[in-house]
Each structure stands twice: as structure tokens, then as C-alpha cells.
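The next block is model-v8.txt, given as compact mmCIF, C-alpha atoms.
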# COMPACT_ATOMS: atom_id res chain seq x y z
CA MET A 1 112.94 89.06 117.64
CA ALA A 2 113.24 92.84 117.81
CA GLN A 3 111.81 94.82 114.93
CA ARG A 4 114.39 96.43 112.69
CA PRO A 5 114.07 100.23 112.75
CA ILE A 6 112.22 101.50 109.68
CA ILE A 7 112.87 104.82 107.97
CA THR A 8 110.80 105.92 104.99
CA LEU A 9 111.84 108.47 102.39
CA THR A 10 109.57 110.92 100.58
CA THR A 11 111.37 113.48 98.41
CA ASP A 12 111.29 115.45 95.19
CA PHE A 13 114.83 114.33 94.34
CA GLY A 14 113.96 111.98 91.49
CA LEU A 15 116.24 109.07 90.65
CA SER A 16 118.65 110.53 88.11
CA ASP A 17 121.09 112.05 90.63
CA HIS A 18 123.04 110.82 93.64
CA PHE A 19 120.81 112.47 96.25
CA VAL A 20 118.67 109.50 97.32
CA GLY A 21 121.60 107.09 97.47
CA THR A 22 123.65 109.53 99.51
CA ILE A 23 120.87 109.96 102.07
CA LYS A 24 120.63 106.19 102.43
CA GLY A 25 124.38 105.98 102.97
CA VAL A 26 124.22 108.56 105.77
CA ILE A 27 121.42 106.65 107.47
CA LEU A 28 123.16 103.29 107.23
CA ASN A 29 126.39 104.70 108.66
CA ILE A 30 124.49 105.69 111.80
CA VAL A 31 122.06 102.80 112.09
CA PRO A 32 123.28 99.93 109.86
CA GLU A 33 120.40 97.67 110.76
CA ALA A 34 117.78 100.13 109.48
CA GLU A 35 115.29 99.09 106.86
CA ILE A 36 114.86 101.99 104.42
CA VAL A 37 111.62 102.18 102.45
CA ASP A 38 111.12 104.53 99.51
CA ILE A 39 107.62 105.99 99.57
CA CYS A 40 108.21 108.31 96.64
CA HIS A 41 111.00 110.34 95.05
CA SER A 42 108.81 111.77 92.29
CA VAL A 43 107.04 114.47 94.29
CA GLN A 44 106.71 117.45 91.96
CA ALA A 45 109.83 119.58 92.36
CA PHE A 46 109.44 122.27 95.05
CA ASP A 47 105.75 121.33 95.47
CA VAL A 48 105.04 121.25 99.20
CA LEU A 49 101.35 120.39 98.74
CA ASP A 50 102.23 117.41 96.54
CA GLY A 51 104.68 116.25 99.19
CA ALA A 52 102.03 116.67 101.88
CA LEU A 53 99.53 114.61 99.88
CA THR A 54 102.09 111.89 99.22
CA VAL A 55 103.24 111.28 102.77
CA ALA A 56 99.72 111.64 104.18
CA GLN A 57 98.48 108.81 101.97
CA ALA A 58 101.21 106.39 103.02
CA TYR A 59 102.52 106.96 106.53
CA SER A 60 99.80 105.25 108.56
CA TYR A 61 100.27 101.90 106.79
CA PHE A 62 103.67 101.40 108.41
CA PRO A 63 104.44 99.71 111.74
CA ALA A 64 104.52 101.77 114.91
CA ARG A 65 107.77 103.64 115.61
CA THR A 66 108.51 104.11 111.91
CA VAL A 67 110.46 107.31 111.20
CA HIS A 68 109.14 109.16 108.16
CA LEU A 69 111.73 111.41 106.51
CA VAL A 70 110.18 113.99 104.17
CA VAL A 71 112.42 116.30 102.14
CA VAL A 72 110.58 118.68 99.84
CA ASP A 73 112.53 121.77 100.66
CA PRO A 74 112.45 124.79 98.34
CA GLY A 75 113.73 126.89 101.27
CA VAL A 76 116.90 124.86 101.82
CA GLY A 77 119.69 127.05 103.18
CA THR A 78 117.34 129.73 104.51
CA ALA A 79 116.08 130.40 108.04
CA ARG A 80 113.27 127.84 107.76
CA ARG A 81 113.57 125.35 110.61
CA PRO A 82 114.26 121.62 110.56
CA ILE A 83 111.68 119.88 112.74
CA VAL A 84 110.97 116.57 114.41
CA VAL A 85 107.29 115.69 114.85
CA THR A 86 106.21 112.98 117.26
CA ALA A 87 102.72 111.53 116.97
CA ASP A 88 101.18 108.58 118.82
CA ARG A 89 102.75 105.94 116.55
CA TYR A 90 105.27 107.70 114.33
CA HIS A 91 108.10 110.20 114.09
CA PHE A 92 108.49 112.63 111.20
CA VAL A 93 111.57 114.61 110.16
CA ALA A 94 111.06 117.46 107.70
CA PRO A 95 111.57 121.13 106.96
CA ASP A 96 109.08 123.42 108.69
CA ASN A 97 107.36 124.53 105.50
CA GLY A 98 103.95 122.90 105.79
CA VAL A 99 104.86 119.62 104.10
CA LEU A 100 103.45 117.77 107.14
CA SER A 101 100.19 119.75 107.18
CA LEU A 102 97.98 116.81 106.20
CA VAL A 103 99.66 114.66 108.83
CA TYR A 104 98.80 117.31 111.42
CA ALA A 105 95.19 117.23 110.20
CA ARG A 106 94.97 113.44 110.63
CA GLU A 107 96.71 113.07 113.99
CA GLU A 108 94.85 113.84 117.21
CA ARG A 109 97.99 114.29 119.30
CA PHE A 110 101.47 115.33 118.24
CA ASN A 111 104.25 117.69 119.19
CA VAL A 112 106.70 119.59 117.02
CA ARG A 113 110.31 120.32 117.96
CA HIS A 114 112.74 122.70 116.34
CA VAL A 115 115.90 120.70 115.71
CA THR A 116 118.79 122.71 117.16
CA GLY A 117 121.11 119.91 118.31
CA GLU A 118 123.82 120.54 115.73
CA HIS A 119 126.01 117.78 117.13
CA TYR A 120 123.65 115.36 115.38
CA PHE A 121 124.35 116.96 111.98
CA LEU A 122 127.02 116.03 109.48
CA GLN A 123 129.70 118.71 109.40
CA PRO A 124 130.20 120.91 107.56
CA VAL A 125 126.54 121.52 106.74
CA SER A 126 125.96 122.33 103.09
CA ASN A 127 123.56 125.17 102.31
CA THR A 128 122.15 123.15 99.42
CA PHE A 129 121.79 119.60 100.77
CA HIS A 130 120.17 119.59 104.21
CA GLY A 131 118.62 116.24 103.30
CA ARG A 132 122.08 114.72 103.63
CA ASP A 133 123.57 116.83 106.42
CA ILE A 134 120.61 117.49 108.74
CA PHE A 135 117.47 115.49 108.00
CA ALA A 136 119.01 112.09 107.27
CA PRO A 137 121.21 111.95 110.40
CA VAL A 138 118.38 113.20 112.62
CA ALA A 139 116.06 110.52 111.21
CA ALA A 140 118.76 107.90 111.74
CA TYR A 141 119.37 108.86 115.37
CA LEU A 142 115.62 108.81 116.02
CA ALA A 143 115.45 105.32 114.55
CA LYS A 144 118.42 104.35 116.69
CA GLY A 145 116.47 105.31 119.81
CA VAL A 146 117.54 108.87 120.63
CA GLU A 147 114.62 110.62 122.34
CA ALA A 148 112.93 113.34 120.33
CA ALA A 149 113.33 115.81 123.20
CA LYS A 150 117.10 115.72 122.77
CA PHE A 151 116.95 117.33 119.33
CA GLY A 152 115.43 120.63 120.44
CA GLU A 153 112.66 122.50 122.18
CA GLU A 154 108.98 122.13 121.42
CA VAL A 155 107.45 124.90 119.28
CA GLU A 156 103.87 126.00 118.68
CA ASP A 157 104.35 128.33 115.70
CA PHE A 158 105.10 125.61 113.15
CA VAL A 159 103.96 126.11 109.58
CA ARG A 160 100.75 124.43 108.49
CA PHE A 161 98.19 125.01 105.78
CA ASN A 162 94.78 123.67 104.90
CA ALA A 163 94.41 121.78 101.66
CA PRO A 164 92.02 123.48 99.23
CA LYS A 165 88.39 122.67 100.01
CA PRO A 166 85.55 122.50 97.49
CA LYS A 167 83.03 125.31 97.74
CA PRO A 168 79.38 125.71 96.74
CA ALA A 169 78.95 127.85 93.64
CA ASP A 170 75.95 129.35 91.84
CA GLY A 171 73.50 127.80 94.28
CA ASP A 172 73.29 124.36 92.65
CA SER A 173 76.88 123.35 92.05
CA LEU A 174 80.08 122.51 93.86
CA ARG A 175 83.43 123.78 92.66
CA GLY A 176 86.62 121.90 93.41
CA VAL A 177 90.08 121.69 91.95
CA VAL A 178 92.50 119.09 90.59
CA LEU A 179 95.05 118.46 93.35
CA LYS A 180 97.37 116.31 91.27
CA VAL A 181 97.71 114.18 88.17
CA ASP A 182 99.05 110.70 88.85
CA ARG A 183 101.36 108.77 86.51
CA PHE A 184 98.35 107.14 84.80
CA GLY A 185 96.88 110.53 83.94
CA ASN A 186 94.08 110.33 86.47
CA LEU A 187 92.92 113.76 87.67
CA ILE A 188 92.68 113.59 91.46
CA THR A 189 90.31 116.25 92.74
CA ASN A 190 89.76 117.59 96.25
CA ILE A 191 86.12 116.43 96.30
CA THR A 192 85.21 113.68 98.76
CA PRO A 193 81.96 111.76 99.40
CA ALA A 194 81.39 114.04 102.41
CA ASP A 195 81.36 117.06 100.10
CA ALA A 196 78.83 115.65 97.59
CA PRO A 197 77.21 112.57 99.16
CA LEU A 198 74.47 112.28 96.53
CA LEU A 199 77.06 111.84 93.82
CA PHE A 200 78.44 108.68 95.39
CA GLN A 201 75.24 106.86 96.33
CA SER A 202 74.22 103.75 94.42
CA GLN A 203 71.63 105.62 92.34
CA PRO A 204 72.66 109.26 92.19
CA PRO A 205 70.39 111.93 90.73
CA ALA A 206 71.21 113.31 87.31
CA PHE A 207 74.55 115.14 87.45
CA LYS A 208 77.39 116.42 85.39
CA ILE A 209 81.03 116.89 86.28
CA VAL A 210 82.58 119.70 84.29
CA VAL A 211 86.35 119.60 83.75
CA GLY A 212 87.78 121.90 81.12
CA LYS A 213 85.38 121.66 78.18
CA ARG A 214 84.32 118.10 79.01
CA GLU A 215 81.06 117.16 80.75
CA ILE A 216 81.13 113.80 82.51
CA THR A 217 77.91 112.04 83.50
CA GLU A 218 79.11 108.63 84.71
CA ILE A 219 80.63 107.38 87.96
CA LYS A 220 82.25 103.96 87.49
CA PRO A 221 83.09 101.39 90.20
CA ALA A 222 86.45 100.44 88.62
CA TYR A 223 88.85 101.78 86.01
CA ALA A 224 88.17 98.79 83.76
CA SER A 225 84.43 99.51 83.81
CA GLY A 226 84.85 102.29 81.28
CA THR A 227 85.04 101.75 77.56
CA PRO A 228 88.34 102.60 75.83
CA GLY A 229 88.73 106.37 75.63
CA GLU A 230 85.73 107.07 77.86
CA VAL A 231 86.28 109.66 80.58
CA PHE A 232 84.38 109.08 83.81
CA GLY A 233 84.42 109.75 87.54
CA ILE A 234 85.55 107.23 90.13
CA LEU A 235 86.15 107.25 93.87
CA GLY A 236 89.88 106.59 94.13
CA SER A 237 91.92 104.99 96.87
CA MET A 238 92.98 108.40 98.20
CA GLY A 239 89.34 109.04 99.12
CA TYR A 240 88.84 111.72 96.46
CA LEU A 241 86.81 111.90 93.27
CA GLU A 242 89.09 111.14 90.32
CA ILE A 243 88.51 111.84 86.66
CA ALA A 244 89.82 108.78 84.87
CA ALA A 245 89.91 106.87 81.60
CA ASN A 246 90.22 103.13 81.03
CA ARG A 247 93.83 102.47 79.96
CA GLY A 248 94.25 106.08 78.97
CA SER A 249 95.25 109.44 80.37
CA ALA A 250 92.25 111.50 81.36
CA ALA A 251 94.55 114.50 81.68
CA GLN A 252 95.57 114.22 78.02
CA ILE A 253 92.07 113.44 76.78
CA VAL A 254 90.47 116.34 78.62
CA GLY A 255 93.44 118.65 78.23
CA VAL A 256 93.66 119.89 81.81
CA GLY A 257 96.07 119.42 84.71
CA LYS A 258 96.84 120.26 88.29
CA GLY A 259 95.03 123.36 89.51
CA SER A 260 92.20 123.11 86.97
CA ASP A 261 88.66 123.77 88.15
CA VAL A 262 86.23 120.88 88.59
CA SER A 263 82.51 121.57 88.98
CA ILE A 264 79.74 119.20 89.99
CA VAL A 265 76.14 120.09 89.16
CA LEU A 266 73.40 117.92 90.67
CA GLU A 267 69.63 118.14 90.37
CA GLY A 268 68.74 120.49 93.20
CA ALA A 269 71.25 122.15 95.51
CA VAL A 270 74.50 120.39 96.22
CA ALA A 271 74.71 119.27 99.82
CA ALA A 272 78.26 120.16 100.74
CA SER A 273 79.17 119.25 104.27
CA ASN A 274 82.39 121.19 104.51
CA GLY A 275 80.71 124.11 106.20
CA GLN A 276 81.75 126.67 103.58

Mind turning this structure into C-alpha cells?
Amino acid sequence: MAQRPIITLTTDFGLSDHFVGTIKGVILNIVPEAEIVDICHSVQAFDVLDGALTVAQAYSYFPARTVHLVVVDPGVGTARRPIVVTADRYHFVAPDNGVLSLVYAREERFNVRHVTGEHYFLQPVSNTFHGRDIFAPVAAYLAKGVEAAKFGEEVEDFVRFNAPKPKPADGDSLRGVVLKVDRFGNLITNITPADAPLLFQSQPPAFKIVVGKREITEIKPAYASGTPGEVFGILGSMGYLEIAANRGSAAQIVGVGKGSDVSIVLEGAVAASNGQ
């Protein structure tokens, strides 16, 4: 039995308007047998980094040949390009604004094409809803089996950025940042075990994690390991250090949010392996 084509959706559209449903209608008109999977429609509005983090965490768990449609597009209607990205196992359709940067960082081989085949678009093309008129039909035709090369020429000057990296500070500390706050109020930092390996060993040296005015001195193995109201560190499923609270919002308790500084101070110099 042939696998049904799969198209995933990652957007900042939310669920209170018609946008997501309309995109699904466009896809199903072109490839009725498609299975459409919502990864997330709650990406922070206009936040390309949040979109990049979201799709990067999810895309590789899907079957080969899945088409990932990503629409976080603050430049809609401008000269920014629509692109198709082909990696070893997946296709991606997105605006060329860096929203696929973390995919680029994870994939060894991929090519990027500027979508210029306007005969694949819905006409007329709205200047405010390229998700409907450009990205959704292109994703649908890819899922239907149209070769990526037919959408446009390969380009090398596509937009990409590096996610913020933690940096050594003051000789004995490591300074990172809160990348996002999830719906549970967990503060997801950009610090990984590779950046501060001593912190994540079974018996770490004395340390403190400084977030806002709070000093945290415990790393827990599970959210439920903390006492009610206690704020602690944990290695989350995204592979980053999180600041969390058991059945509570660490963001509210600590009073910080996305973009806030996070510092780790260990006994002796911090061994950061990020080369900075």
C-alpha cells in the first residue's frame, strides 16, 4: 500500500482566523489524498527564530518524503523569495527569511531553489496571503510528485542565521539567553550539555544558575522531582537547559521571559566547547 503524501504546517497564524483552514483547503484541492499534520500554529507572531526552533524540533520525526510547509512571513508581499528546500529525506517550502536556518544547520546535504514557476500559484496572488496563494499550492504539488527542479533555479545566497550561542563571561561563568518560553512557563535557554558539560554530570561541582534576580542551585531529572513552587534546572527534550517549576510557571515565578540573560557559574572555569 502506497504511503499517503504528508504535508506538515508550521505557522504563526493562530487558530482564531480562517488562515489555517484555507491553506488546508488549497492543499486538498490539489492533492485530495494528502494527510495534513499541524506541527504548530502558535509560533510567536512575526518571530522567525521561534519558527526556526519549532520546525527544527519536529521535522525529522516524520516519514521520508514529508513536505514541511513553514509560514512565518513578516515580509509577505515584499521582494523576499519563496523557496523550496530539498534535503536527503524531506522537502521544505517557506519564505527565504531564515526560518529554515536550524534545518540547514542539521542537514548535511540540501539544495535551495527560488520558486519562480508562477503557473503553480493560485491567481490572483494576494500581497497579504502568500501562505494561501504561493506556499500551499507549491507544497501540494511537491507532495503530488512534481520534481523540485520544476519550481525554479537553485540559489546559493539564501538567508540563514546562527542561533544565539552561549559565551564565556568573567572568566568563570557562561552567559546564555532564554530562547523561548513554552506554554507551561518553562524558560528554554540556548545552553546545551556541550556548552557546560560539568553541569550535567551525575555529580556536578557547586554551581549557580542566575536568571533575573533568582539563583538556582539544583538540576532535577524530571519536572515532578521539584517541590511545588521550586525553580530548578532540567535538561529538556529540545536538548537545552530549561529553567522550570513543578506544576508552575518558572517565567512567572522568576519574572523573566524570552531574551533574558542566563548565567551559569561553576567552581573553576566553565568549560565551554562552542569555541567562542

**OP:** Would you kindly return, as a ChimeraX atom specification, each protein, DNA or RNA residue with an atom no farther than 9 Å from any atom of A:Asn111, considering only C-alpha atoms and excluding same-chain residues fewer than 4 positions away?
**Re:** /A:84-87,154-156

Original post:
When you draw a straight line from atom CA of A:Leu15 to atom CA of A:Val48, how long is it in Å?
Top reply: 18.6 Å

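Protein and nucleic acid residues near (118.6, 121.3, 103.4) are Asp73, Val76, Gly77, Asn127, Thr128, Phe129, His130, Gly131 and Ile134 of chain A, the criterion being any atom at most 7 Å away using all atoms listed in the file.
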
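Residue nearest A:Lys144 within the list A:Gly257, A:Pro32, A:Gly25, A:Pro205: A:Pro32 [criterion: smallest interatomic distance, only C-alpha atoms].
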
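The gap separating atom CA of A:Gly239 from atom CA of A:Ala139 is 29.4 Å, in Å to one decimal.
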
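The nearest approach to A:Lys165 among the residues A:Val31, A:Ile253, A:Val262, A:Thr227, with only C-alpha atoms taken into account, belongs to A:Val262.
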
Original post:
How many Å lie between atom CA of A:Val67 and atom CA of A:Ile6, rounded to one decimal?
Top reply: 6.3 Å

Subject >> Contacts of stretch 55-64 of chain A at 12 Å (all atoms listed in the file; same-chain gap of 6+ positions) as a PyMOL selection string >> reply: chain A and resi 3-12+35-43+48-49+70-72+86-94+99-107+143+163+236-240

Subject >> Residue with smallest distance to A:Asp172 - pool A:Gly14, A:Phe151, A:Leu266, A:Arg247, counting only C-alpha atoms >> reply: A:Leu266

Original post:
Between A:Ala251, A:Ile191, A:Val265, A:Val177, which is the closest to A:Ile209 once you count all atoms listed in the file?
Top reply: A:Val265

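Distance check against A:Gly152 using only C-alpha atoms: of A:His119, A:Arg65, A:Lys258, A:Arg175, the minimum falls on A:His119.
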
Subject >> Nearest to A:Val178, chosen from A:Ala149, A:Ala196, A:Val256, A:Leu122, with all atoms listed in the file counted in the distances >> reply: A:Val256

Subject >> Neighbour list for A:Asn186 as an NGL selection string, cut-off 10 Å, only C-alpha atoms, skip fewer than 3 positions in-chain >> reply: :A and (178 or 180-183 or 189 or 231 or 233-234 or 236 or 242-246 or 248-252 or 257)

Edge lengths and centre in Å, axis-aligned, stretch 219-233 of chain A plus 3 Å each side, as lines of an AutoDock Vina configuration file:
center_x = 84.7
center_y = 104.3
center_z = 82.9
size_x = 14.2
size_y = 17.0
size_z = 20.6

**OP:** Might you pull out every residue within 10 Å of A:Asn97, with only C-alpha atoms counted and same-chain residues fewer than 6 positions away left off, and present them as a VMD selection string?
**Re:** chain A and resid 48 to 49 72 to 75 80 to 83 158 to 161

Taking the block just given, write stretch 107-152 of chain A to a file that holds N, CA and C atoms, as an mmCIF file, in the first residue's frame.
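Listing of decode.cif after writing:
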data_model
loop_
_atom_site.group_PDB
_atom_site.id
_atom_site.type_symbol
_atom_site.label_atom_id
_atom_site.label_comp_id
_atom_site.auth_asym_id
_atom_site.auth_seq_id
_atom_site.Cartn_x
_atom_site.Cartn_y
_atom_site.Cartn_z
ATOM 1 N N GLU A 107 21.137 19.531 8.558
ATOM 2 C CA GLU A 107 21.198 18.692 7.368
ATOM 3 C C GLU A 107 22.578 18.776 6.716
ATOM 4 N N GLU A 108 23.145 17.625 6.394
ATOM 5 C CA GLU A 108 24.454 17.611 5.744
ATOM 6 C C GLU A 108 24.371 18.038 4.290
ATOM 7 N N ARG A 109 23.297 17.626 3.613
ATOM 8 C CA ARG A 109 23.158 17.932 2.187
ATOM 9 C C ARG A 109 21.752 18.462 1.925
ATOM 10 N N PHE A 110 21.698 19.561 1.202
ATOM 11 C CA PHE A 110 20.402 20.119 0.804
ATOM 12 C C PHE A 110 20.641 21.116 -0.315
ATOM 13 N N ASN A 111 19.601 21.397 -1.075
ATOM 14 C CA ASN A 111 19.677 22.489 -2.034
ATOM 15 C C ASN A 111 18.448 23.371 -1.893
ATOM 16 N N VAL A 112 18.620 24.616 -2.282
ATOM 17 C CA VAL A 112 17.591 25.634 -2.123
ATOM 18 C C VAL A 112 17.250 26.190 -3.501
ATOM 19 N N ARG A 113 15.972 26.247 -3.811
ATOM 20 C CA ARG A 113 15.516 26.777 -5.096
ATOM 21 C C ARG A 113 14.575 27.953 -4.886
ATOM 22 N N HIS A 114 14.787 28.976 -5.686
ATOM 23 C CA HIS A 114 13.892 30.126 -5.709
ATOM 24 C C HIS A 114 12.675 29.752 -6.537
ATOM 25 N N VAL A 115 11.505 29.774 -5.928
ATOM 26 C CA VAL A 115 10.285 29.384 -6.631
ATOM 27 C C VAL A 115 9.852 30.527 -7.557
ATOM 28 N N THR A 116 9.951 30.273 -8.852
ATOM 29 C CA THR A 116 9.563 31.273 -9.856
ATOM 30 C C THR A 116 8.475 30.758 -10.801
ATOM 31 N N GLY A 117 8.104 29.490 -10.656
ATOM 32 C CA GLY A 117 7.089 28.900 -11.534
ATOM 33 C C GLY A 117 5.698 29.371 -11.138
ATOM 34 N N GLU A 118 5.311 30.550 -11.629
ATOM 35 C CA GLU A 118 4.062 31.164 -11.188
ATOM 36 C C GLU A 118 2.828 30.385 -11.623
ATOM 37 N N HIS A 119 2.978 29.489 -12.588
ATOM 38 C CA HIS A 119 1.819 28.697 -13.002
ATOM 39 C C HIS A 119 1.388 27.711 -11.921
ATOM 40 N N TYR A 120 2.230 27.527 -10.895
ATOM 41 C CA TYR A 120 1.825 26.690 -9.760
ATOM 42 C C TYR A 120 1.049 27.486 -8.714
ATOM 43 N N PHE A 121 1.030 28.816 -8.816
ATOM 44 C CA PHE A 121 0.396 29.650 -7.803
ATOM 45 C C PHE A 121 -1.107 29.747 -8.046
ATOM 46 N N LEU A 122 -1.848 30.077 -6.996
ATOM 47 C CA LEU A 122 -3.230 30.498 -7.177
ATOM 48 C C LEU A 122 -3.231 31.926 -7.717
ATOM 49 N N GLN A 123 -4.127 32.198 -8.624
ATOM 50 C CA GLN A 123 -4.212 33.537 -9.211
ATOM 51 C C GLN A 123 -5.590 34.144 -8.942
ATOM 52 N N PRO A 124 -5.642 35.428 -8.660
ATOM 53 C CA PRO A 124 -4.511 36.349 -8.490
ATOM 54 C C PRO A 124 -3.820 36.118 -7.148
ATOM 55 N N VAL A 125 -2.545 36.487 -7.087
ATOM 56 C CA VAL A 125 -1.775 36.320 -5.854
ATOM 57 C C VAL A 125 -1.988 37.544 -4.968
ATOM 58 N N SER A 126 -2.481 37.301 -3.771
ATOM 59 C CA SER A 126 -2.659 38.382 -2.802
ATOM 60 C C SER A 126 -1.305 38.825 -2.256
ATOM 61 N N ASN A 127 -1.159 40.110 -2.000
ATOM 62 C CA ASN A 127 0.060 40.612 -1.377
ATOM 63 C C ASN A 127 0.104 40.362 0.121
ATOM 64 N N THR A 128 -0.989 39.858 0.676
ATOM 65 C CA THR A 128 -1.029 39.660 2.130
ATOM 66 C C THR A 128 -1.212 38.212 2.555
ATOM 67 N N PHE A 129 -1.382 37.283 1.615
ATOM 68 C CA PHE A 129 -1.639 35.892 1.997
ATOM 69 C C PHE A 129 -0.918 34.942 1.040
ATOM 70 N N HIS A 130 0.413 35.008 1.049
ATOM 71 C CA HIS A 130 1.195 34.098 0.221
ATOM 72 C C HIS A 130 1.110 32.668 0.732
ATOM 73 N N GLY A 131 0.766 32.495 2.011
ATOM 74 C CA GLY A 131 0.565 31.142 2.512
ATOM 75 C C GLY A 131 -0.488 30.407 1.717
ATOM 76 N N ARG A 132 -1.545 31.100 1.359
ATOM 77 C CA ARG A 132 -2.626 30.507 0.567
ATOM 78 C C ARG A 132 -2.267 30.407 -0.913
ATOM 79 N N ASP A 133 -1.715 31.478 -1.480
ATOM 80 C CA ASP A 133 -1.610 31.600 -2.931
ATOM 81 C C ASP A 133 -0.304 31.068 -3.514
ATOM 82 N N ILE A 134 0.747 30.989 -2.694
ATOM 83 C CA ILE A 134 2.046 30.520 -3.189
ATOM 84 C C ILE A 134 2.508 29.280 -2.437
ATOM 85 N N PHE A 135 2.667 29.383 -1.125
ATOM 86 C CA PHE A 135 3.304 28.297 -0.383
ATOM 87 C C PHE A 135 2.452 27.031 -0.337
ATOM 88 N N ALA A 136 1.169 27.162 -0.080
ATOM 89 C CA ALA A 136 0.313 25.968 -0.002
ATOM 90 C C ALA A 136 0.244 25.220 -1.328
ATOM 91 N N PRO A 137 0.010 25.885 -2.476
ATOM 92 C CA PRO A 137 -0.018 25.117 -3.720
ATOM 93 C C PRO A 137 1.329 24.502 -4.078
ATOM 94 N N VAL A 138 2.419 25.202 -3.812
ATOM 95 C CA VAL A 138 3.740 24.622 -4.095
ATOM 96 C C VAL A 138 3.958 23.377 -3.246
ATOM 97 N N ALA A 139 3.623 23.450 -1.961
ATOM 98 C CA ALA A 139 3.762 22.271 -1.093
ATOM 99 C C ALA A 139 2.894 21.127 -1.599
ATOM 100 N N ALA A 140 1.686 21.446 -2.055
ATOM 101 C CA ALA A 140 0.778 20.409 -2.538
ATOM 102 C C ALA A 140 1.329 19.733 -3.794
ATOM 103 N N TYR A 141 1.844 20.529 -4.723
ATOM 104 C CA TYR A 141 2.385 19.933 -5.954
ATOM 105 C C TYR A 141 3.642 19.102 -5.664
ATOM 106 N N LEU A 142 4.447 19.540 -4.702
ATOM 107 C CA LEU A 142 5.584 18.710 -4.289
ATOM 108 C C LEU A 142 5.107 17.373 -3.750
ATOM 109 N N ALA A 143 4.087 17.425 -2.888
ATOM 110 C CA ALA A 143 3.549 16.190 -2.318
ATOM 111 C C ALA A 143 2.930 15.307 -3.398
ATOM 112 N N LYS A 144 2.435 15.934 -4.445
ATOM 113 C CA LYS A 144 1.813 15.190 -5.535
ATOM 114 C C LYS A 144 2.838 14.528 -6.436
ATOM 115 N N GLY A 145 4.113 14.937 -6.309
ATOM 116 C CA GLY A 145 5.171 14.299 -7.065
ATOM 117 C C GLY A 145 5.875 15.170 -8.072
ATOM 118 N N VAL A 146 5.525 16.454 -8.154
ATOM 119 C CA VAL A 146 6.233 17.361 -9.059
ATOM 120 C C VAL A 146 7.668 17.517 -8.568
ATOM 121 N N GLU A 147 8.639 17.402 -9.461
ATOM 122 C CA GLU A 147 10.036 17.499 -9.080
ATOM 123 C C GLU A 147 10.382 18.913 -8.637
ATOM 124 N N ALA A 148 11.217 19.000 -7.611
ATOM 125 C CA ALA A 148 11.587 20.306 -7.066
ATOM 126 C C ALA A 148 12.210 21.207 -8.126
ATOM 127 N N ALA A 149 12.963 20.616 -9.048
ATOM 128 C CA ALA A 149 13.648 21.420 -10.069
ATOM 129 C C ALA A 149 12.677 22.193 -10.949
ATOM 130 N N LYS A 150 11.436 21.761 -11.014
ATOM 131 C CA LYS A 150 10.475 22.432 -11.888
ATOM 132 C C LYS A 150 9.937 23.736 -11.293
ATOM 133 N N PHE A 151 10.216 23.983 -10.040
ATOM 134 C CA PHE A 151 9.702 25.201 -9.411
ATOM 135 C C PHE A 151 10.613 26.403 -9.613
ATOM 136 N N GLY A 152 11.893 26.170 -9.893
ATOM 137 C CA GLY A 152 12.799 27.297 -10.079
ATOM 138 C C GLY A 152 14.248 26.874 -9.974
#
